[in-house]
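J.: Handing you a structure now.
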Amino acid sequence: MKMSSVCVDIAKGLLSTPNRMELPWTTPSRVTVVAADATKLKMTAVRRGSVGVQAAALLLTAYLLTMDMVLMLRLQTMEGTEPDPVRPSNAFNSSSVTVETATHPSIHWRELLIPDTAIKGLFMDPMNQHIFMPLAKLTEVGLDLHTRFLWLSPDRISVSHVLVAAVGMRFLACRSSLGARQVGVLLFAVRFYLDALDGEVARAVYKMKLSDPGIGSHGHLVDGVCDLAGVVCQLLGTLVLLRAHKECAGLAAAATLTMEWAVLIAASSLGWNSAISRFHDILEPPATPDPVARLLVMRSVWLWVVAWLWRVLNPHALTAMLLGAVFVDRQWEFASWAWKRVAVLLLVLVLLTEVELRIASITLSIR
């Protein structure tokens with residue numbers, strides 16, 4: 001028995017010898033080092049990507065703030081009405097950008113990026129006014145869409161951005177890949193661009209200005225329905241994403257948070273559209289207020305405060321904030337942290353809007 005056990009031990013030793021003679025690049029320690037190096041390289045790439053995103057966000061924020069300062073300075077230096085090539089000279093419109101003449105589209109290229117001081121422009125979110133609208137205007141004027149592509153009506157462009165939103169929703173709901181979700185965010189950026197483009201084409205077709213909100217018209221209703229469909233697509237994609245977050249207690253918690261943001265965006269939309277409509281009624285045609293009184297109201301710091309708050313709290317800005325959180329993979333943290341604070345700010349903003357409307361009405365009636 002002892003001899004047989006010794007033989008077995010010798011056999012095991014001989015069989016185990018090759019494992020101790022493996023080449024260096026195949027040893028477990030070497031494999032561990034290679035895996036650690038790969039992990040370090042991956043982490044380095046992630047850090048570089050994060051730094052790149054942060055740098056791009058800082059540059060974008062600096063650009064938007066600079067353009068908002070340009071808009072405020074333009075308000076403070078207004079000296080009266082500016083000529084409108086489409087309307088009669090007594091129409092009080094502060095925009096000097098020509099969208100279309102009677103024969104062909106044209107534009108003052110040096111003023112392409114100058115923000116429009118029409119009421120709707122004052123209350124528009126910075127991303128829309130300073131990025132998507134100039135791009136849409138360049139597309140309309142450069143390609144002459146409303147005359148060369150008659151089939152490309154504003155309504156069809158509105159429907160097209162709903163289709164883009166539906167595709168973006170599918171990417172946005174991809175729980176396993178941040179890159180896919182970022183593609184979804186970019187698709188929603190394309191949706192914002194198409195939303196701006198349908199407005200530019202409509203203004204070119206109907207020879208309108210930004211100071212014509214077109215509230216109640218067929219195009220306004222179609223655009224509103226398509227915007228609603230796009231927001232629903234975004235919220236559905238966000239719902240799937242929130243449900244997969246490790247801090248989410250399940251579908252009920254994700255649905256509750258998504259519903260809270262849906263109510264918040266709806267309340268913002270109602271208040272924002274109401275503010276634009278009411279300020280337009282007292283400061284833009286056909287009201288045609290006294291020019292001096294209008295200048296006093298338009299130069300008011302309080303009007304700028306109210307308008308700027310609506311610029312960052314309107315429904316377009318809120319949906320862009322949610323998309324930004326998805327892009328940096330912080331959707332749950334931002335959505336759960338921000339919604340109560342945004343709700344309080346919206347309530348305060350509605351009250352400030354009422355106060356400023358009263359002050360503007362008194363100023364116009366006194367003059």
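Naming works like this for the structure tokens: A, B, ... for the chains as they're shown, residue 1 at the start of each chain, ligands 1 onward in shown order.
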Sort by chain and increasing residue number a table of all residues of segment 226-247 of chain A within 6 Å of segment 168-192 of chain A, each with its closest pair of atoms and their distance in Å to one decimal, counting only C-alpha atoms, and write it as CSV.
T.:
```
residue,atom,partner,partner_atom,distance
A:Cys233,CA,A:Met169,CA,5.6
A:Gln234,CA,A:Met169,CA,5.7
A:Gly237,CA,A:Ala173,CA,4.6
A:Val240,CA,A:Ala173,CA,5.5
A:Leu241,CA,A:Ala173,CA,5.4
```
J.: Please save N, CA and C atoms of the selected residues as a PDB file, in the first residue's frame.
T.:
```
ATOM      1  N   CYS A 233     -42.793  60.548 -26.318  1.00  0.00           N
ATOM      2  CA  CYS A 233     -41.760  59.574 -26.690  1.00  0.00           C
ATOM      3  C   CYS A 233     -40.557  59.684 -25.765  1.00  0.00           C
ATOM      4  N   GLN A 234     -40.139  60.913 -25.481  1.00  0.00           N
ATOM      5  CA  GLN A 234     -38.992  61.110 -24.596  1.00  0.00           C
ATOM      6  C   GLN A 234     -39.275  60.584 -23.185  1.00  0.00           C
ATOM      7  N   GLY A 237     -39.233  56.734 -23.063  1.00  0.00           N
ATOM      8  CA  GLY A 237     -37.862  56.246 -23.044  1.00  0.00           C
ATOM      9  C   GLY A 237     -37.196  56.469 -21.699  1.00  0.00           C
ATOM     10  N   VAL A 240     -38.411  53.812 -19.034  1.00  0.00           N
ATOM     11  CA  VAL A 240     -37.707  52.536 -19.112  1.00  0.00           C
ATOM     12  C   VAL A 240     -36.319  52.651 -18.493  1.00  0.00           C
ATOM     13  N   LEU A 241     -35.663  53.779 -18.737  1.00  0.00           N
ATOM     14  CA  LEU A 241     -34.311  53.988 -18.224  1.00  0.00           C
ATOM     15  C   LEU A 241     -34.306  54.143 -16.710  1.00  0.00           C
TER      16      LEU A 241
END
```
J.: Quick one: everything within 10 Å of Val301 of chain A, counting only C-alpha atoms, minus sequence neighbours fewer than 5 positions away in the same chain. Send it as a ChimeraX atom specification.
T.: /A:72,75-76,296,306-307
J.: Selection from above, N, CA, C and O atoms, as a CSV table (one decimal), in the first residue's frame, can you write it?
T.:
```
chain,number,residue,atom,x,y,z
A,72,MET,N,-29.9,90.9,-24.1
A,72,MET,CA,-30.3,91.9,-23.1
A,72,MET,C,-29.8,93.3,-23.5
A,72,MET,O,-30.5,94.3,-23.3
A,75,LEU,N,-32.0,94.8,-26.0
A,75,LEU,CA,-33.2,95.4,-25.4
A,75,LEU,C,-32.9,96.8,-24.9
A,75,LEU,O,-33.7,97.7,-25.0
A,76,GLN,N,-31.7,96.9,-24.2
A,76,GLN,CA,-31.4,98.2,-23.5
A,76,GLN,C,-31.1,99.3,-24.5
A,76,GLN,O,-31.2,100.5,-24.2
A,296,LEU,N,-40.2,101.7,-22.9
A,296,LEU,CA,-40.0,101.7,-21.4
A,296,LEU,C,-40.3,100.2,-20.9
A,296,LEU,O,-39.5,99.8,-20.0
A,306,VAL,N,-38.2,88.2,-15.8
A,306,VAL,CA,-39.3,87.3,-16.0
A,306,VAL,C,-39.0,86.5,-17.3
A,306,VAL,O,-39.2,85.2,-17.3
A,307,ALA,N,-38.6,87.2,-18.4
A,307,ALA,CA,-38.4,86.5,-19.7
A,307,ALA,C,-37.3,85.5,-19.5
A,307,ALA,O,-37.4,84.3,-20.0
```
J.: Of the candidates A:Ala166, A:Ser274, A:Pro291, A:Gly219, which shows the shortest atom-to-atom distance to Leu235 of chain A, using only C-alpha atoms?
T.: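 Closest to Leu235 of chain A, using only C-alpha atoms: A:Ala166.
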J.: Have a look at atom CA of Ser160 of chain A and atom CA of Gly199 of chain A and let me know their distance in Å, one decimal.
T.: 13.4 Å
J.: Do you have the atom CA of Glu356 of chain A-atom CA of Trp304 of chain A distance handy?
T.: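 Pair atom CA of Glu356 of chain A / atom CA of Trp304 of chain A returns 10.1 Å.
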J.: Within 9 Å of Asp155 of chain A, counting only C-alpha atoms, which residues qualify if same-chain residues fewer than 2 places away don't, as a ChimeraX atom specification?
T.: /A:152-153,157-160,198,202,219,222-223
J.: Find the residues near Leu364 of chain A: any atom within 8 Å, counting only C-alpha atoms, skip ones fewer than 6 places away on the same chain, and give them as a PyMOL selection string.
T.: chain A and resi 289-290+293-294+297
J.: If I take atom CA of Ala165 of chain A and atom CA of Val231 of chain A, how far is one from the other in Å, to one decimal?
T.: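 Distance reported for this atom pair: 8.2 Å.
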J.: Write down as a ChimeraX atom specification the residues belonging to segment 146-316 of chain A that are assigned helix (DSSP H, G or I) by DSSP computed on the backbone.
T.: /A:146-148,154-172,178-205,218-243,251-283,291-298,301-313,315-316
J.: Have a look at A:Ala204, A:Met298, A:Leu309, A:Leu145 and name the one nearest to Leu73 of chain A; count only C-alpha atoms.
T.: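 Of the candidates, the smallest distance to Leu73 of chain A is held by A:Met298.
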J.: With only C-alpha atoms as the counted atoms, please give the residues lying no more than 12 Å from His316 of chain A, apart from itself and same-chain residues fewer than 5 positions off, as an MDAnalysis selection string.
T.: chainID A and resid 123:129 132 188:189 191:193 195:196 227:228 230:231 234 264:266 268:269 272:273 310:311 321:323
